[in-house]
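The structure appears below as structure tokens.
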Amino acid sequence: MLAFSALVAGSFSLGAMAAPYVDPAALTTLRFVIASVIVGTAALTTNGFSRCAFAAPWRYLILGGLLAIYFVLMFEGLKTAAPVSTAAVFTLTPLLAAGFGWILLRQRTTPRMALALTIGAAGAAWVIFRADWQALMGFHIGGGEMIYFWGCVCHAVYAPMVRKLNRGESAVVFSFGTMVAGTLVLALWAWPALCATNWAAMPPIVWITLAYVSVAASAATFVLLQYASLRLPSAKVMAYTYLTPSWVILWEIALGRGVPPVGVLAGIAMTILALYLLLEE
């Protein structure tokens, strides 16, 4: 999940740069196609596919649909919402996951875990708003933020659903089924946009973003998330997303967008403390 949060952070920075140039559903469809090929190849070269892995294919449609909706709404929200506001909405995911974990799996959130989630949320918010009280107080909920919020709800449901629907399949095989189903859902939805998009005229940032989100932020993170969801409570899985704002800062520095103020370190320390409380338990 540490690797997951670092890889996901890159999709925020690159996605915000590519969002104005391409339809989000079309980009997400190509992303799923490429990621499906990568993970499918990995599954074939390791343990292969067993017949039981394809039993009850409706499971993959549910999981693939949830992820497809999340990624489309993420790019749709980035069209109008500020990156800071979008990242703030993302910090609601662990608390939502804890609620869905109880509803679907009766996973209980202990007082220690609740304290950790609260500290992590506060620390992530402090990092997102770069230790600026005025920026924090000036946060407003617009149309883009609301669009992305519903995507985060789907993301939060996904973690407990993986454990509920898995029947012993490996993380790689289960990820492949999920991505193929997600590709089918997206292709039906985004077919007009796929045909209407002039791919040859796309600027380089679109292709760079597509390559990154397909390999690093899809193929790799799908397998990592499946693996973790089968071994950790849903709230713990999503709690690692509190580190995403800190990773985003490192991405922004790497892309030459400046260094955040020193006060941000307090928020990073809070997210690390939250993870310590969760892992120590």
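Labels for the structure tokens follow display order: chains A, B, ..., residues from 1 in each chain, ligands from 1.
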Item to complete: Write out as a PyMOL selection string each polymer residue whose atoms come within 6 Å of Ala9 (chain A), counting only C-alpha atoms; drop sequence neighbours fewer than 3 positions from it.
Response: chain A and resi 6+12+244+247-248
Can you write out as JSON lines which residues of region 11-55 of chain A fall within 8 Å of region 67-74 of chain A, alongside each residue's closest atom pair and its distance in Å to one decimal, counting only C-alpha atoms and ordering rows by chain and ascending residue number?
```
{"residue": "A:Pro24", "atom": "CA", "partner": "A:Val72", "partner_atom": "CA", "distance": 5.5}
{"residue": "A:Ala25", "atom": "CA", "partner": "A:Val72", "partner_atom": "CA", "distance": 5.4}
{"residue": "A:Thr28", "atom": "CA", "partner": "A:Val72", "partner_atom": "CA", "distance": 6.4}
```
Practice prompt. Write out as an MDAnalysis selection string all residues of region 14-247 of chain A that backbone DSSP assigns to helix (DSSP H, G or I).
Written response: chainID A and resid 14:21 24:45 51:54 58:80 83:90 93:105 111:128 133:137 143:165 171:196 199:201 204:229 234:247
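Nearest to His155 (chain A) of all the residues A:Leu92, A:Ala219, A:Val259, A:Leu277 is A:Leu92, counting only C-alpha atoms.
Ranking A:Thr178, A:Tyr240, A:Thr197, A:Glu169 by their shortest atom-to-atom distance to Cys52 (chain A), with only C-alpha atoms included, puts A:Glu169 first.
Rounded to one decimal, CA of Pro233 (chain A) and CA of Gln107 (chain A) lie 6.9 Å from each other.
For region 41-48 of chain A, the set of protein, DNA and RNA residues having any atom at most 12 Å away, when counting only C-alpha atoms and skipping those fewer than 2 positions along the same chain, is Ile34, Ala35, Ser36, Val37, Ile38, Val39, Ser50, Arg51, Cys52, Ala53, Glu169, Ser170, Ala171, Val172, Val173, Phe174, Ser175, Phe176, Gly177, Ala219, Ala220 and Val223 of chain A.
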Can you write just those residues out, N, CA and C atoms, as an mmCIF file, in the first residue's frame?
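Below is the file again_17.cif, written as the result:
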```cif
data_model
loop_
_atom_site.group_PDB
_atom_site.id
_atom_site.type_symbol
_atom_site.label_atom_id
_atom_site.label_comp_id
_atom_site.auth_asym_id
_atom_site.auth_seq_id
_atom_site.Cartn_x
_atom_site.Cartn_y
_atom_site.Cartn_z
ATOM 1 N N ILE A 34 -4.709 -1.265 -22.085
ATOM 2 C CA ILE A 34 -3.267 -1.490 -21.954
ATOM 3 C C ILE A 34 -2.954 -2.233 -20.659
ATOM 4 N N ALA A 35 -3.590 -1.809 -19.569
ATOM 5 C CA ALA A 35 -3.341 -2.469 -18.277
ATOM 6 C C ALA A 35 -3.798 -3.925 -18.306
ATOM 7 N N SER A 36 -4.909 -4.211 -18.991
ATOM 8 C CA SER A 36 -5.402 -5.588 -19.084
ATOM 9 C C SER A 36 -4.393 -6.479 -19.803
ATOM 10 N N VAL A 37 -3.808 -5.961 -20.869
ATOM 11 C CA VAL A 37 -2.812 -6.733 -21.617
ATOM 12 C C VAL A 37 -1.598 -7.027 -20.736
ATOM 13 N N ILE A 38 -1.157 -6.023 -19.974
ATOM 14 C CA ILE A 38 0.025 -6.191 -19.123
ATOM 15 C C ILE A 38 -0.231 -7.222 -18.031
ATOM 16 N N VAL A 39 -1.339 -7.072 -17.316
ATOM 17 C CA VAL A 39 -1.637 -7.985 -16.210
ATOM 18 C C VAL A 39 -1.981 -9.383 -16.738
ATOM 19 N N SER A 50 -7.047 -20.706 -14.143
ATOM 20 C CA SER A 50 -7.808 -21.927 -13.896
ATOM 21 C C SER A 50 -9.259 -21.688 -14.285
ATOM 22 N N ARG A 51 -9.988 -22.770 -14.547
ATOM 23 C CA ARG A 51 -11.383 -22.628 -14.969
ATOM 24 C C ARG A 51 -12.234 -21.967 -13.890
ATOM 25 N N CYS A 52 -11.917 -22.254 -12.639
ATOM 26 C CA CYS A 52 -12.719 -21.682 -11.550
ATOM 27 C C CYS A 52 -12.562 -20.168 -11.450
ATOM 28 N N ALA A 53 -11.460 -19.632 -12.009
ATOM 29 C CA ALA A 53 -11.247 -18.186 -11.950
ATOM 30 C C ALA A 53 -12.307 -17.427 -12.734
ATOM 31 N N GLU A 169 -9.032 -16.739 -5.849
ATOM 32 C CA GLU A 169 -8.186 -16.407 -6.984
ATOM 33 C C GLU A 169 -6.991 -15.560 -6.529
ATOM 34 N N SER A 170 -5.874 -15.693 -7.245
ATOM 35 C CA SER A 170 -4.695 -14.886 -6.920
ATOM 36 C C SER A 170 -4.966 -13.428 -7.271
ATOM 37 N N ALA A 171 -4.157 -12.524 -6.693
ATOM 38 C CA ALA A 171 -4.356 -11.096 -6.934
ATOM 39 C C ALA A 171 -4.199 -10.755 -8.413
ATOM 40 N N VAL A 172 -3.242 -11.388 -9.106
ATOM 41 C CA VAL A 172 -3.010 -11.078 -10.515
ATOM 42 C C VAL A 172 -4.188 -11.524 -11.368
ATOM 43 N N VAL A 173 -4.659 -12.743 -11.163
ATOM 44 C CA VAL A 173 -5.786 -13.269 -11.937
ATOM 45 C C VAL A 173 -7.050 -12.464 -11.662
ATOM 46 N N PHE A 174 -7.301 -12.162 -10.394
ATOM 47 C CA PHE A 174 -8.500 -11.407 -10.024
ATOM 48 C C PHE A 174 -8.439 -9.996 -10.613
ATOM 49 N N SER A 175 -7.250 -9.396 -10.621
ATOM 50 C CA SER A 175 -7.077 -8.066 -11.210
ATOM 51 C C SER A 175 -7.352 -8.099 -12.708
ATOM 52 N N PHE A 176 -6.889 -9.164 -13.381
ATOM 53 C CA PHE A 176 -7.114 -9.280 -14.822
ATOM 54 C C PHE A 176 -8.611 -9.334 -15.131
ATOM 55 N N GLY A 177 -9.348 -10.162 -14.397
ATOM 56 C CA GLY A 177 -10.783 -10.245 -14.611
ATOM 57 C C GLY A 177 -11.467 -8.916 -14.373
ATOM 58 N N ALA A 219 -2.067 -1.084 -14.001
ATOM 59 C CA ALA A 219 -1.639 -2.486 -13.925
ATOM 60 C C ALA A 219 -0.999 -2.796 -12.579
ATOM 61 N N ALA A 220 -0.059 -1.958 -12.151
ATOM 62 C CA ALA A 220 0.642 -2.214 -10.889
ATOM 63 C C ALA A 220 -0.260 -1.991 -9.686
ATOM 64 N N VAL A 223 -3.063 -4.690 -8.947
ATOM 65 C CA VAL A 223 -2.568 -5.894 -8.291
ATOM 66 C C VAL A 223 -2.226 -5.611 -6.828
#
```
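Of the residues listed (A:Met1, A:Ala88, A:Leu210, A:Val33), A:Leu210 shows the shortest atom-to-atom separation from Gly15 (chain A); distances use only C-alpha atoms.
Distances here use only C-alpha atoms; by that measure, the residue among A:Met146, A:Val162, A:Thr118, A:Ile205 closest to Thr91 (chain A) is A:Thr118.
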Worksheet entry | Point-to-point distance from CA of Ser5 (chain A) to CA of Ile268 (chain A), Å rounded to tenths | 13.7 Å
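Distances to Val8 (chain A) were evaluated for A:Gly40, A:Gly144, A:Pro245, A:Gly99 using only C-alpha atoms, and the minimum falls at A:Pro245.
Of the residues listed (A:Pro204, A:Gly77, A:Pro94, A:Gly182), A:Pro94 shows the shortest atom-to-atom separation from Ala124 (chain A); distances use only C-alpha atoms.
Interatomic distance, CA of Leu136 (chain A) to CA of Phe90 (chain A): 15.0 Å.
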Fill in: Spatial neighbours of Thr86 (chain A), 8 Å, only C-alpha atoms, chain gap at least 3 places, as a PyMOL selection string
chain A and resi 77-78+81-83+89-90+144-145+148
Keeping only C-alpha atoms, write the selected residues as a CSV table (one decimal), in the first residue's frame.
```
chain,number,residue,atom,x,y,z
A,77,GLY,CA,-13.6,16.4,-11.8
A,78,LEU,CA,-10.1,17.5,-12.6
A,81,ALA,CA,-11.9,21.4,-9.7
A,82,ALA,CA,-8.6,22.8,-8.4
A,83,PRO,CA,-6.1,20.0,-7.6
A,89,VAL,CA,-12.1,15.2,-1.3
A,90,PHE,CA,-9.8,12.1,-1.7
A,144,GLY,CA,-16.0,19.2,-9.9
A,145,GLU,CA,-15.5,18.3,-6.3
A,148,TYR,CA,-15.1,13.4,-7.8
```
